[in-house]
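Below is one structure, written out as structure tokens; comments come after it.
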Amino acid sequence: KRFYSLKVAPKVAASATAAKVKLSPESQDLEITKLPNGLVIASLENFSPTSRIGVFIKTGSRYETTSNLGTAHLLRLASNLTTKGASSFRITRGIEAVGGSLSVHATREKMAYSVECLRDYVDTVMEYLLNVTTAPEFRPWEVADLQPKLKVDKAIAFQNPQVGVLENLHAAAYKNALANPLYCPDYRVGKITSEQLHHFVQNNFTSSRMALIGIGIKHSTLKHVAEQFLNIRSGAGAPGAKAVYRGGEIRKQTGDSLVHAAIVTEGAAVGSTEANAFSVLQYVLGAGPLVKRGSNVTSKLTQGVAKATSQPFDVSAFNVNYSDSGLFGIYTISQAANAGEVIKAALNQVKAVAQGGVTDADVTTAKNQLKANYLMSVETSKGLLNEIGSESLVSGTHTSPSAAAQKIDSVATADVVNAAKKFISGKKSMAAAGNLGHTPFLDEL
Amino acid sequence: AGGGRMIERLRKWYYNAAGFNKLGLMRDDTLHEDDDVKEALKRLPEHLYNARVFRIKRALDLSLKHQILPKDQWVKYEEDHHYLEPYLKEVIRERHEREAWNKK
């Protein structure tokens, strides 16, 4: 899941890509280079009037330790603070003046600083982007002024109950690393120091863990910039701990009339052989409505639960992949009184799939939905940048959409059934929030 | 060379003649607190700020009693650190930058 963070300046609407005319000898394909210091550079020249450049770093809340929880969250908010080359005022005004925007987007495993602007002003915003990612100063008074924003950011995010449930889910499922919350814990607000931010950046923002991606820019320009400026810190930095799955349960009694519950087991890591099988299984079971306010006929979960209760509910399969682990399961939203029936009906549906109750037609439908979803997500320049960036960080290569679609097609029905079996037999973790009087515990399921 | 040393001696004489060192104050303690100085004071690290508050308090107390410190406790010209100067310079630079941008 992706969580958005502070935007510094207003965005200019991205214009459509220019028509496919061979205007110049520049390649229209994605070019990807890996420098000797480990930095990956990828660019796609699409002749668009706007350019989008991102610096992706393999860091995030999983690289925190118990002594510096919340540092990644504050770092997300600190993208506009003074750097060695430009003051905070200048960064904000400078980017605004050319109509660009700078934003930070972070998950548990990666952070992405991206700028977008009209093509003519790429140099200006690139300068600010490089300043922010390689030479922040974290002046103590600016950091102190920023800490209240942690509270606001958290309050806005937690308005959505799913955020709380997913934070608890990760805390319940893992012992370390991935258990760290994405949002700063309350006791740490006001206590994160400038030194901790510096330390985090020094240890994590190293060349071998970074990728510089550009869309709408020449590869040679990016390469030149990377060789000159992104050479600051070499080495692999502090290694993160390997995520250890433990399988636990966290319940948050709030008195809400709607109960949100997530039940998962350990799933597949990014790029592993089972990752695609789990993704297809997710779509077989139902990964969210495809027709707004429709009856969700293709979702096995929704059909199964609809037989168990007539109260409003929502259920979907939950699937997330990290670099060395993953989570797969179901996410239910139900009325407090019949939470138990909803959850049990949903789990029975997955059991039915595990016992072979899935046809080839179901699997094909799911594959088509998965492929469509993936292809549509990389249609926008933002989605494409994200996709290229994530893949560059993980493997330093790029899988073309057609190759990705082929991999999805190669998943067999038996793989899907095996993935479901893995869920049924695996050690489960659960997180629930709401009025939990009628919500069963893990050992009652 | 000779001219430089002359100016240095003049500076030292003027410093001692001004007399705030007899109350135990440093030059930056006596700066008039306009907006720039106030902002720079907000950025002082805690130990420097506490030392400044102590010196000012002590000087107020002495002035109220119409006394000065004994000669060995007067602040010496060489020991007078302009602790606020880097922060003040930065504040003024930022203000100039803001004004330059706003004029455009």
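Labels for the structure tokens follow display order: chains A, B, ..., residues from 1 in each chain, ligands from 1.
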
Counting only C-alpha atoms, what is within 12 Å of Ala100 of chain B, bar same-chain residues fewer than 5 positions away, as an mmCIF file with N, CA and C atoms, in the first residue's frame?
data_model
loop_
_atom_site.group_PDB
_atom_site.id
_atom_site.type_symbol
_atom_site.label_atom_id
_atom_site.label_comp_id
_atom_site.auth_asym_id
_atom_site.auth_seq_id
_atom_site.Cartn_x
_atom_site.Cartn_y
_atom_site.Cartn_z
ATOM 1 N N PHE A 89 13.297 28.485 1.953
ATOM 2 C CA PHE A 89 12.512 29.486 1.237
ATOM 3 C C PHE A 89 12.779 29.390 -0.254
ATOM 4 N N ARG A 90 14.055 29.281 -0.597
ATOM 5 C CA ARG A 90 14.414 29.276 -2.005
ATOM 6 C C ARG A 90 13.909 28.023 -2.716
ATOM 7 N N ARG A 93 10.060 28.577 -3.195
ATOM 8 C CA ARG A 93 9.758 29.601 -4.196
ATOM 9 C C ARG A 93 10.306 29.246 -5.556
ATOM 10 N N ARG B 93 20.759 37.207 6.045
ATOM 11 C CA ARG B 93 20.894 36.726 4.673
ATOM 12 C C ARG B 93 19.555 36.181 4.176
ATOM 13 N N GLU B 94 18.871 35.431 5.051
ATOM 14 C CA GLU B 94 17.573 34.882 4.641
ATOM 15 C C GLU B 94 16.573 35.993 4.388
ATOM 16 N N ARG B 95 16.611 37.030 5.220
ATOM 17 C CA ARG B 95 15.672 38.137 5.022
ATOM 18 C C ARG B 95 15.942 38.830 3.697
#

- Task: Could you pull out the residues in segment 7-104 of chain B that DSSP calls alpha helix (DSSP H) from the backbone, as number ranges by chain?
- Result: B: 7-18, 35-42, 46-64, 85-103

Per DSSP on the backbone, filter segment 16-130 of chain A down to the residues in strand (DSSP E or B) and report them as a compact mmCIF listing (two decimals) with N, CA and C atoms, in the first residue's frame.
# COMPACT_ATOMS: atom_id res chain seq x y z
N LEU A 30 12.96 2.46 -22.98
CA LEU A 30 13.56 2.72 -21.69
C LEU A 30 15.03 2.37 -21.75
N GLU A 31 15.88 3.30 -21.33
CA GLU A 31 17.30 2.99 -21.25
C GLU A 31 17.68 2.90 -19.79
N ILE A 32 18.45 1.90 -19.48
CA ILE A 32 18.80 1.69 -18.08
C ILE A 32 20.28 1.39 -17.96
N THR A 33 20.95 2.11 -17.07
CA THR A 33 22.40 1.93 -16.88
C THR A 33 22.65 1.73 -15.40
N LYS A 34 23.66 0.92 -15.09
CA LYS A 34 24.04 0.80 -13.69
C LYS A 34 25.46 1.29 -13.56
N VAL A 40 21.57 3.12 -10.05
CA VAL A 40 20.87 2.71 -11.27
C VAL A 40 20.23 3.93 -11.89
N ILE A 41 20.46 4.12 -13.19
CA ILE A 41 19.84 5.26 -13.87
C ILE A 41 18.94 4.71 -14.96
N ALA A 42 17.70 5.18 -15.00
CA ALA A 42 16.79 4.72 -16.04
C ALA A 42 16.05 5.93 -16.58
N SER A 43 15.85 5.96 -17.87
CA SER A 43 15.11 7.08 -18.42
C SER A 43 14.29 6.63 -19.60
N LEU A 44 13.20 7.32 -19.80
CA LEU A 44 12.32 7.02 -20.92
C LEU A 44 12.03 8.35 -21.58
N THR A 50 6.16 17.73 -20.39
CA THR A 50 6.58 17.77 -18.99
C THR A 50 7.57 16.65 -18.72
N SER A 51 8.41 16.91 -17.76
CA SER A 51 9.36 15.88 -17.35
C SER A 51 9.08 15.49 -15.91
N ARG A 52 9.38 14.26 -15.62
CA ARG A 52 9.21 13.82 -14.23
C ARG A 52 10.46 13.06 -13.84
N ILE A 53 11.10 13.50 -12.78
CA ILE A 53 12.34 12.84 -12.37
C ILE A 53 12.20 12.39 -10.93
N GLY A 54 12.67 11.20 -10.66
CA GLY A 54 12.54 10.71 -9.30
C GLY A 54 13.85 10.13 -8.80
N VAL A 55 14.14 10.36 -7.53
CA VAL A 55 15.25 9.69 -6.88
C VAL A 55 14.63 8.67 -5.95
N PHE A 56 14.91 7.41 -6.21
CA PHE A 56 14.35 6.34 -5.39
C PHE A 56 15.44 5.79 -4.49
N ILE A 57 15.12 5.61 -3.23
CA ILE A 57 16.11 5.13 -2.28
C ILE A 57 15.56 3.92 -1.54
N THR A 83 18.91 23.14 2.59
CA THR A 83 19.99 22.24 2.21
C THR A 83 21.25 23.08 2.04
N SER A 101 6.68 20.77 -9.10
CA SER A 101 6.26 20.30 -7.79
C SER A 101 7.25 19.26 -7.30
N LEU A 102 7.42 19.23 -5.99
CA LEU A 102 8.31 18.25 -5.37
C LEU A 102 7.49 17.46 -4.38
N SER A 103 7.57 16.16 -4.46
CA SER A 103 6.82 15.39 -3.48
C SER A 103 7.62 14.18 -3.03
N VAL A 104 7.29 13.71 -1.85
CA VAL A 104 7.94 12.54 -1.30
C VAL A 104 6.89 11.49 -1.06
N HIS A 105 7.25 10.26 -1.32
CA HIS A 105 6.29 9.17 -1.27
C HIS A 105 7.08 8.01 -0.69
N ALA A 106 6.62 7.49 0.42
CA ALA A 106 7.44 6.47 1.06
C ALA A 106 6.62 5.26 1.47
N MET A 111 11.81 4.98 -0.46
CA MET A 111 11.38 6.38 -0.47
C MET A 111 11.61 6.91 -1.86
N ALA A 112 10.68 7.73 -2.31
CA ALA A 112 10.82 8.28 -3.65
C ALA A 112 10.63 9.79 -3.57
N TYR A 113 11.66 10.53 -3.96
CA TYR A 113 11.54 11.98 -4.06
C TYR A 113 11.35 12.26 -5.53
N SER A 114 10.24 12.90 -5.90
CA SER A 114 10.07 13.14 -7.33
C SER A 114 9.70 14.59 -7.59
N VAL A 115 10.22 15.08 -8.71
CA VAL A 115 9.88 16.43 -9.15
C VAL A 115 9.27 16.31 -10.52
N GLU A 116 8.33 17.19 -10.81
CA GLU A 116 7.85 17.25 -12.17
C GLU A 116 7.70 18.71 -12.56
N CYS A 117 7.97 18.97 -13.82
CA CYS A 117 7.95 20.36 -14.27
C CYS A 117 7.89 20.36 -15.79
N LEU A 118 7.76 21.54 -16.36
CA LEU A 118 7.86 21.65 -17.81
C LEU A 118 9.30 21.35 -18.21

- Message: Would you mind listing, as a ChimeraX atom specification, all residues of chain A that have at least one atom within 12 Å of chain B, where only C-alpha atoms are what counts?
- Response: /A:82,86-94,96-97,139-145

- Message: Excluding segment 52-66 of chain B and its own-chain neighbours fewer than 2 positions away, which residues fall within 10 Å of it when counting only C-alpha atoms? Please give them as a list in words.
- Response: Phe20, Asn21, Lys22, Leu23, Gly24, Leu25, Met26, Asp28, Asp29, Thr30, Leu41, Glu46, His47, Leu48, Tyr49, Asn50, Ile68, Leu69 and Tyr83 of chain B

- Task: Find the residues around segment 428-440 of chain A up to 7 Å (only C-alpha atoms counted), leave out those fewer than 5 positions away in its own chain, and share them as number ranges by chain.
- Result: A: 165, 168-169, 172-173, 247-265, 336-340, 445

Could you write out that same residue set with C-alpha atoms as a compact mmCIF listing (two decimals), in the first residue's frame?
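Dumped to part-v4.txt:
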# COMPACT_ATOMS: atom_id res chain seq x y z
CA VAL A 165 -5.59 -1.70 10.99
CA ASN A 168 -1.40 -3.05 13.63
CA LEU A 169 -1.36 -5.91 11.16
CA ALA A 172 1.33 -8.23 14.80
CA ALA A 173 2.75 -10.18 11.89
CA GLY A 247 2.07 -14.40 13.48
CA GLY A 248 0.31 -12.49 16.23
CA GLU A 249 -2.90 -10.71 16.95
CA ILE A 250 -3.66 -7.08 17.81
CA ARG A 251 -7.16 -5.92 18.62
CA LYS A 252 -8.16 -2.30 19.05
CA GLN A 253 -11.46 -1.79 20.83
CA THR A 254 -12.86 1.55 19.70
CA GLY A 255 -16.63 1.26 19.85
CA ASP A 256 -17.02 1.95 16.13
CA SER A 257 -20.10 0.31 14.70
CA LEU A 258 -18.07 -0.98 11.76
CA VAL A 259 -15.45 -3.61 12.46
CA HIS A 260 -12.35 -3.69 10.25
CA ALA A 261 -10.45 -6.94 10.40
CA ALA A 262 -7.50 -8.31 8.46
CA ILE A 263 -6.33 -11.90 8.64
CA VAL A 264 -3.17 -12.84 6.80
CA THR A 265 -0.37 -15.36 6.56
CA ALA A 336 -20.11 -5.06 14.72
CA ALA A 337 -22.87 -7.56 15.46
CA ASN A 338 -22.06 -10.04 12.70
CA ALA A 339 -18.32 -9.59 12.30
CA GLY A 340 -17.80 -13.23 13.23
CA LEU A 445 -11.41 -19.15 13.62
